[in-house]
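**Student:** Input run-v3.csv, format and content: CSV, C-alpha atoms.
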chain,number,residue,atom,x,y,z
A,683,MET,CA,13.5,0.6,1.6
A,684,GLY,CA,10.9,-0.3,4.2
A,685,LEU,CA,7.2,0.1,3.8
A,686,LEU,CA,6.5,3.7,2.7
A,687,ASP,CA,9.7,5.1,4.1
A,688,PHE,CA,8.6,8.4,3.0
A,689,LEU,CA,10.2,11.8,2.9
A,690,THR,CA,7.2,13.9,3.4
A,691,ARG,CA,6.8,15.8,6.7
A,692,ALA,CA,3.7,15.0,8.7
A,693,ARG,CA,0.7,17.2,8.0
A,694,SER,CA,-2.4,17.6,10.0
A,695,LEU,CA,-5.4,15.5,8.8
A,696,GLU,CA,-7.0,18.6,7.3
A,697,GLN,CA,-3.8,19.6,5.4
A,698,ALA,CA,-3.4,16.0,4.2
A,699,CYS,CA,-6.9,16.0,2.8
A,700,GLU,CA,-6.2,19.3,1.0
A,701,VAL,CA,-3.2,17.6,-0.6
A,702,ALA,CA,-5.3,14.5,-1.4
A,703,MET,CA,-7.9,16.6,-3.2
A,704,ALA,CA,-5.3,18.3,-5.4
A,705,LEU,CA,-3.7,14.9,-6.2
A,706,ALA,CA,-7.0,13.3,-7.0
A,707,ASP,CA,-7.8,16.2,-9.3
A,708,ASP,CA,-4.6,15.4,-11.1
A,709,GLY,CA,-5.6,11.8,-11.6
A,710,TYR,CA,-3.8,10.1,-8.7
A,711,TRP,CA,-5.0,7.7,-6.0
A,712,ILE,CA,-4.3,8.4,-2.4
A,713,ALA,CA,-2.9,6.7,0.7
A,714,LEU,CA,-2.9,8.3,4.1
A,715,ARG,CA,-0.4,7.0,6.7
A,716,SER,CA,-0.5,8.3,10.3
A,717,GLU,CA,2.8,9.1,12.1
A,718,GLY,CA,1.3,7.5,15.2
A,719,ASP,CA,-1.2,4.9,16.3
A,720,LEU,CA,-4.8,5.9,15.9
A,721,SER,CA,-7.8,5.1,18.1
A,722,ALA,CA,-11.0,3.8,16.6
A,723,ASP,CA,-12.5,7.3,17.0
A,724,GLN,CA,-9.5,8.9,15.2
A,725,LEU,CA,-9.7,6.4,12.4
A,726,HIS,CA,-13.4,7.2,12.0
A,727,ARG,CA,-12.5,10.9,11.9
A,728,ALA,CA,-9.9,10.3,9.2
A,729,SER,CA,-12.4,8.3,7.1
A,730,ILE,CA,-15.1,10.9,7.4
A,731,ALA,CA,-12.6,13.6,6.5
A,732,LEU,CA,-11.7,11.8,3.3
A,733,GLN,CA,-15.4,11.3,2.5
A,734,ALA,CA,-16.1,15.0,3.1
A,735,ALA,CA,-13.2,15.9,0.8
A,736,GLY,CA,-14.8,13.8,-2.0
A,737,VAL,CA,-11.7,11.5,-2.3
A,738,GLU,CA,-12.9,8.5,-0.3
A,739,GLY,CA,-13.4,6.4,-3.5
A,740,VAL,CA,-9.7,6.8,-4.5
A,741,SER,CA,-8.2,6.7,-1.0
A,742,GLU,CA,-7.0,4.2,1.6
A,743,ILE,CA,-5.6,4.5,5.1
A,744,ILE,CA,-2.5,2.6,6.2
A,745,VAL,CA,-2.7,1.2,9.7
A,746,PRO,CA,-1.1,-1.6,11.8
A,747,ILE,CA,-2.5,-5.1,11.5
A,748,ASP,CA,-3.6,-4.8,15.2
A,749,SER,CA,-6.1,-2.1,14.1
A,750,ILE,CA,-8.3,-4.4,12.0
A,751,ALA,CA,-11.2,-4.3,14.5
A,752,ASP,CA,-11.0,-0.5,14.9
A,753,ALA,CA,-10.8,-0.1,11.1
A,754,SER,CA,-13.8,-2.3,10.6
A,755,TRP,CA,-15.7,-0.1,13.0
A,756,ALA,CA,-14.5,3.1,11.5
A,757,MET,CA,-14.8,2.3,7.8
A,758,THR,CA,-17.0,4.2,5.3
A,759,PRO,CA,-18.4,2.5,2.2
A,760,ASP,CA,-15.7,3.2,-0.5
A,761,LEU,CA,-12.5,3.6,1.6
A,762,GLY,CA,-9.7,1.2,1.3
A,763,TRP,CA,-7.3,-0.1,4.0
A,764,VAL,CA,-3.7,-1.5,4.1
A,765,PHE,CA,-2.6,-3.4,7.1
A,766,THR,CA,1.1,-3.3,8.0
A,767,GLY,CA,3.1,-5.3,10.6
A,768,THR,CA,2.9,-8.5,8.5
A,769,GLU,CA,6.4,-8.2,7.2
A,770,ALA,CA,8.4,-10.4,9.6
A,771,GLY,CA,6.7,-13.8,9.8
A,772,MET,CA,3.9,-16.1,8.7
A,773,LEU,CA,0.5,-14.7,7.8
A,774,ASP,CA,-2.3,-15.6,10.1
A,775,PRO,CA,-4.4,-18.3,8.3
A,776,SER,CA,-7.6,-16.5,9.6
A,777,LEU,CA,-6.6,-13.2,7.9
A,778,PRO,CA,-8.5,-13.6,4.6
A,779,ALA,CA,-11.7,-14.3,6.6
A,780,ARG,CA,-11.1,-11.3,8.9
A,781,LEU,CA,-10.6,-9.0,5.9
A,782,ALA,CA,-13.7,-10.3,4.1
A,783,ALA,CA,-15.7,-7.7,6.1
A,784,PHE,CA,-14.0,-4.9,4.1
A,785,GLY,CA,-15.6,-6.1,0.9
A,786,GLY,CA,-12.4,-6.4,-1.1
A,787,LEU,CA,-11.2,-3.0,0.0
A,788,ALA,CA,-8.4,-4.2,2.3
A,789,ALA,CA,-4.9,-5.4,1.6
A,790,VAL,CA,-2.0,-6.6,3.7
A,791,HIS,CA,1.6,-5.6,3.3
A,792,ARG,CA,4.3,-8.1,2.6
A,793,SER,CA,8.1,-7.6,2.2
A,794,ALA,CA,9.9,-9.5,-0.5
A,795,ALA,CA,13.0,-9.6,1.8
A,796,LEU,CA,11.1,-12.2,3.8
A,797,ARG,CA,11.7,-15.7,2.3
A,798,GLN,CA,8.1,-16.7,3.2
A,799,ALA,CA,6.6,-13.9,1.2
A,800,GLU,CA,7.0,-15.7,-2.2
A,801,ALA,CA,4.9,-18.6,-1.0
A,802,ASP,CA,2.3,-16.2,0.4
A,803,CYS,CA,2.1,-14.4,-2.9
A,804,ARG,CA,1.7,-17.7,-4.8
A,805,SER,CA,-1.2,-18.7,-2.6
A,806,ALA,CA,-2.8,-15.3,-2.2
A,807,GLN,CA,-5.6,-15.7,-4.7
A,808,GLY,CA,-8.4,-13.7,-3.1
A,809,LEU,CA,-6.1,-11.8,-0.7
A,810,ARG,CA,-5.0,-8.4,-1.8
A,811,ILE,CA,-1.3,-7.8,-1.2
A,812,GLN,CA,0.8,-4.7,-1.2
A,813,LEU,CA,4.4,-5.6,-2.0
A,814,SER,CA,7.6,-3.8,-1.0
A,815,THR,CA,11.2,-4.9,-1.3
A,816,GLY,CA,12.1,-4.5,2.4
A,817,GLU,CA,15.6,-4.7,3.8
A,818,ALA,CA,18.1,-7.6,3.4
A,819,ARG,CA,19.1,-9.0,6.7
A,820,ARG,CA,22.4,-10.8,7.0
A,821,GLY,CA,22.5,-13.5,9.7
A,822,GLU,CA,18.7,-13.9,9.9
A,823,ARG,CA,17.7,-17.1,8.1
A,824,ASP,CA,14.1,-16.0,7.5
A,825,PHE,CA,15.3,-13.1,5.3
A,826,TYR,CA,17.4,-12.8,2.2
A,827,PRO,CA,20.9,-11.6,3.0
A,828,SER,CA,21.6,-9.3,0.0
A,829,SER,CA,19.7,-6.6,-1.9
A,830,ILE,CA,20.3,-8.5,-5.2
A,831,GLU,CA,18.5,-11.5,-3.8
A,832,VAL,CA,15.7,-9.3,-2.4
A,833,ASP,CA,15.2,-7.7,-5.9
A,834,LYS,CA,15.0,-11.2,-7.5
A,835,ALA,CA,12.5,-12.3,-4.9
A,836,TYR,CA,10.5,-9.1,-5.5
A,837,VAL,CA,10.2,-10.0,-9.2
A,838,ARG,CA,9.1,-13.5,-8.4
A,839,CYS,CA,6.5,-12.3,-5.9
A,840,ALA,CA,5.3,-9.7,-8.4
A,841,LYS,CA,4.9,-12.4,-11.1
A,842,ALA,CA,2.8,-14.5,-8.7
A,843,LEU,CA,0.6,-11.6,-7.7
A,844,LEU,CA,0.1,-10.4,-11.3
A,845,ARG,CA,-1.1,-14.0,-12.2
A,846,ASP,CA,-3.6,-14.6,-9.4
A,847,SER,CA,-4.0,-11.7,-6.9
A,848,PRO,CA,-6.8,-9.1,-7.2
A,849,SER,CA,-5.5,-5.5,-7.6
A,850,PRO,CA,-1.9,-6.1,-6.4
A,851,ALA,CA,0.0,-3.0,-5.2
A,852,PHE,CA,3.7,-2.4,-5.8
A,853,VAL,CA,5.7,-0.1,-3.5
A,854,THR,CA,8.9,0.8,-5.3
A,855,SER,CA,10.7,3.9,-6.6
A,856,ASP,CA,13.3,1.8,-8.5
A,857,ASP,CA,12.9,2.6,-12.2
A,858,ARG,CA,14.4,-0.7,-13.2
A,859,LEU,CA,11.9,-2.7,-11.1
A,860,ILE,CA,9.0,-0.5,-12.4
A,861,GLU,CA,10.0,-1.3,-16.0
A,862,ILE,CA,10.1,-5.0,-15.1
A,863,LEU,CA,6.7,-4.8,-13.4
A,864,GLN,CA,5.2,-3.2,-16.5
A,865,ALA,CA,6.7,-5.8,-18.8
A,866,LEU,CA,5.4,-8.6,-16.5
A,867,ALA,CA,1.9,-7.1,-16.4
A,868,LEU,CA,1.8,-6.9,-20.2
A,869,ARG,CA,3.0,-10.4,-20.6
A,870,LEU,CA,0.6,-11.8,-18.1
A,871,GLY,CA,-2.4,-9.9,-19.6
A,872,ARG,CA,-2.9,-7.4,-16.7
A,873,ALA,CA,-4.1,-4.1,-18.0
A,874,PRO,CA,-3.1,-0.8,-16.3
A,875,GLY,CA,-5.6,-0.2,-13.5
A,876,GLU,CA,-5.7,-3.9,-12.5
A,877,TYR,CA,-2.6,-3.2,-10.4
A,878,GLU,CA,-1.1,-0.1,-8.9
A,879,PHE,CA,2.2,1.6,-8.1
A,880,CYS,CA,2.5,3.1,-4.7
A,881,LEU,CA,4.9,6.1,-4.5
A,882,ALA,CA,5.8,8.7,-1.9
A,883,HIS,CA,4.4,12.3,-2.0
A,884,GLY,CA,7.4,14.6,-2.5
A,885,ARG,CA,9.7,12.1,-4.1
A,886,GLY,CA,10.1,11.4,-7.8
A,887,GLU,CA,7.3,13.6,-9.1
A,888,ASN,CA,8.6,13.2,-12.7
A,889,ARG,CA,8.3,9.4,-12.4
A,890,GLN,CA,4.8,9.7,-10.9
A,891,ARG,CA,3.7,11.9,-13.8
A,892,ALA,CA,5.2,9.6,-16.4
A,893,LEU,CA,3.5,6.6,-14.9
A,894,ARG,CA,0.1,8.4,-14.7
A,895,ASP,CA,0.5,9.7,-18.2
A,896,ALA,CA,1.2,6.2,-19.4
A,897,GLY,CA,-2.2,5.1,-18.0
A,898,GLU,CA,-0.9,3.4,-14.9
A,899,LYS,CA,-2.8,3.6,-11.6
A,900,VAL,CA,-0.5,5.6,-9.3
A,901,ARG,CA,-1.2,5.9,-5.6
A,902,ILE,CA,0.6,8.7,-3.7
A,903,ALA,CA,1.2,8.2,0.1
A,904,ILE,CA,0.8,11.3,2.3
A,905,ALA,CA,2.1,11.2,5.9
A,906,PHE,CA,-0.1,12.9,8.5
A,907,GLU,CA,-0.5,13.2,12.2
A,908,MET,CA,-3.8,13.4,14.1
A,909,ARG,CA,-3.9,16.7,16.0
A,910,GLU,CA,-6.5,17.0,18.7
A,911,ILE,CA,-9.0,19.7,18.3
A,912,HIS,CA,-9.2,22.0,21.3
A,913,ASP,CA,-12.1,24.4,22.1
For this file, produce the structure as structure tokens.

**Tutor:**
Amino acid sequence: MGLLDFLTRARSLEQACEVAMALADDGYWIALRSEGDLSADQLHRASIALQAAGVEGVSEIIVPIDSIADASWAMTPDLGWVFTGTEAGMLDPSLPARLAAFGGLAAVHRSAALRQAEADCRSAQGLRIQLSTGEARRGERDFYPSSIEVDKAYVRCAKALLRDSPSPAFVTSDDRLIEILQALALRLGRAPGEYEFCLAHGRGENRQRALRDAGEKVRIAIAFEMREIHD
């Protein structure tokens, strides 16, 4: 499964904020992911909409890594960000410094299918990372060739993040991996709330409720599309 390969149909920003409010009332955290690229003005509009909905403090927006400058301009005080497009190669060494402007509210996405990801997770320290499994790729030496190897790498990456990374985030709907993550967190002294599970709106609602009811921090991703307002 790729990053947030979610089932939900795209909603307008306004509809997504309504869903976000209902989820926040039920004790969930929120991620909004646009179906298309957003301009700086559109990112600002989305951040203001979340602020107006009263869910800014439990929300983040998922955008491509190329949008760092626009997100920095558009950000509001308590809104988080996740930057994608970092799944297929080395992390830019300047990235931690570039994300410092977000005051700890920004994360980068890494895929455990990429062999380099484990080293990045071990050296992350002050860098927040959102981890997904990603897809095995046969014939590409930079990636693991089988799903079994990817799952093993995911666990190794998660262990490194739970040891040293602030607020790591885990994208998975695999019940077996979730159980392993919970056991690792307990063993490594990470309390619920010091890491999070990222799950798709509209998929596995029983799993989402069970994790929330167990005291876990559960973030629900909502797909939306920015529709222009016409007079």

**Student:** Measuring atom to atom with only C-alpha atoms, identify which of A:Thr854, A:Pro746, A:Arg845, A:Leu859 is nearest to Ala873 in chain A.

**Tutor:**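 The closest residue to Ala873 in chain A is A:Arg845.
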
**Student:** Might you pull out every residue within 12 Å of Arg820 in chain A, with all atoms listed in the file counted and same-chain residues fewer than 3 positions away left off, and present them as a ChimeraX atom specification?

**Tutor:** /A:795-796,817,823-829,831-832

**Student:** Would you kindly return, as an MDAnalysis selection string, each protein, DNA or RNA residue with an atom no farther than 12 Å from any atom of Trp755 in chain A, considering only C-alpha atoms and excluding same-chain residues fewer than 2 positions away?

**Tutor:** chainID A and resid 721:727 729 749:753 757:759 783:784

**Student:** Using only C-alpha atoms, which residues sit within 10 Å of Gln798 in chain A once same-chain residues fewer than 3 positions away are excluded, as a ChimeraX atom specification?

**Tutor:** /A:769-773,792-795,801-803,824-825

**Student:** What would the list of residues within 9 Å of (-6.3, -13.7, 5.1) (file frame) look like as a ChimeraX atom specification, if only C-alpha atoms are what count?

**Tutor:** /A:773-782,790,806,808-810

**Student:** Between A:Val853, A:Ala835, A:Leu843, A:Ile902, which is the closest to Leu870 in chain A once you count all atoms listed in the file?

**Tutor:**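 Looking only at the distances to Leu870 in chain A, the closest residue turns out to be A:Leu843.
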
**Student:** Between range 811-891 of chain A and range 699-709 of chain A, at 12 Å or less, what are the per-residue closest atom pairs and their distances in Å? Count all atoms listed in the file, order by chain and rising residue number, and return it as CSV.

**Tutor:**
residue,atom,partner,partner_atom,distance
A:His883,CA,A:Val701,CA,9.4
A:Gly884,CA,A:Val701,CA,11.2
A:Glu887,CA,A:Leu705,CA,11.4
A:Gln890,CA,A:Gly709,CA,10.6
A:Arg891,CA,A:Asp708,CA,9.4

**Student:** For the atom pair CA of Leu813 in chain A and CA of Met908 in chain A, what is the interatomic distance in Å to one decimal place?

**Tutor:**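 CA of Met908 in chain A lies 26.2 Å from CA of Leu813 in chain A.
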
**Student:** Distance CA of Ile744 in chain A-CA of Trp763 in chain A, one decimal place?

**Tutor:**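 Computing it gives 5.9 Å between the two atoms.
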
**Student:** For the atom pair CA of Asp760 in chain A and CA of Gly816 in chain A, what is the interatomic distance in Å to one decimal place?

**Tutor:**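 Computing it gives 29.0 Å between the two atoms.
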
**Student:** Skipping near chain neighbours, those fewer than 6 positions away, what residues fall within 12 Å of Ala892 in chain A using only C-alpha atoms, listed as a PyMOL selection string?

**Tutor:** chain A and resi 710+857+860-861+879+886+898-900

**Student:** Could the residues in this selection be saved with C-alpha atoms as a CSV table (one decimal), in the frame of the given file?

**Tutor:**
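File written: selection22.csv
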chain,number,residue,atom,x,y,z
A,710,TYR,CA,-3.8,10.1,-8.7
A,857,ASP,CA,12.9,2.6,-12.2
A,860,ILE,CA,9.0,-0.5,-12.4
A,861,GLU,CA,10.0,-1.3,-16.0
A,879,PHE,CA,2.2,1.6,-8.1
A,886,GLY,CA,10.1,11.4,-7.8
A,898,GLU,CA,-0.9,3.4,-14.9
A,899,LYS,CA,-2.8,3.6,-11.6
A,900,VAL,CA,-0.5,5.6,-9.3

**Student:** Tell me which of A:Asp748, A:Asp856, A:Glu696, A:Asp719 sits closest to Ala735 in chain A, counting only C-alpha atoms.

**Tutor:** A:Glu696

**Student:** So that I can check the surroundings of Gly897 in chain A, please list as a VMD selection string every protein, DNA and RNA residue that reaches within 8 Å of it, counting all atoms listed in the file and ignoring chain neighbours fewer than 3 positions away.

**Tutor:** chain A and resid 874 to 875 893 to 894

**Student:** Which is closest to Ile730 in chain A among A:Ala882, A:Ala756, A:Ile747, A:Ile712, if we use only C-alpha atoms?

**Tutor:**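 Closest to Ile730 in chain A of all the choices is A:Ala756.
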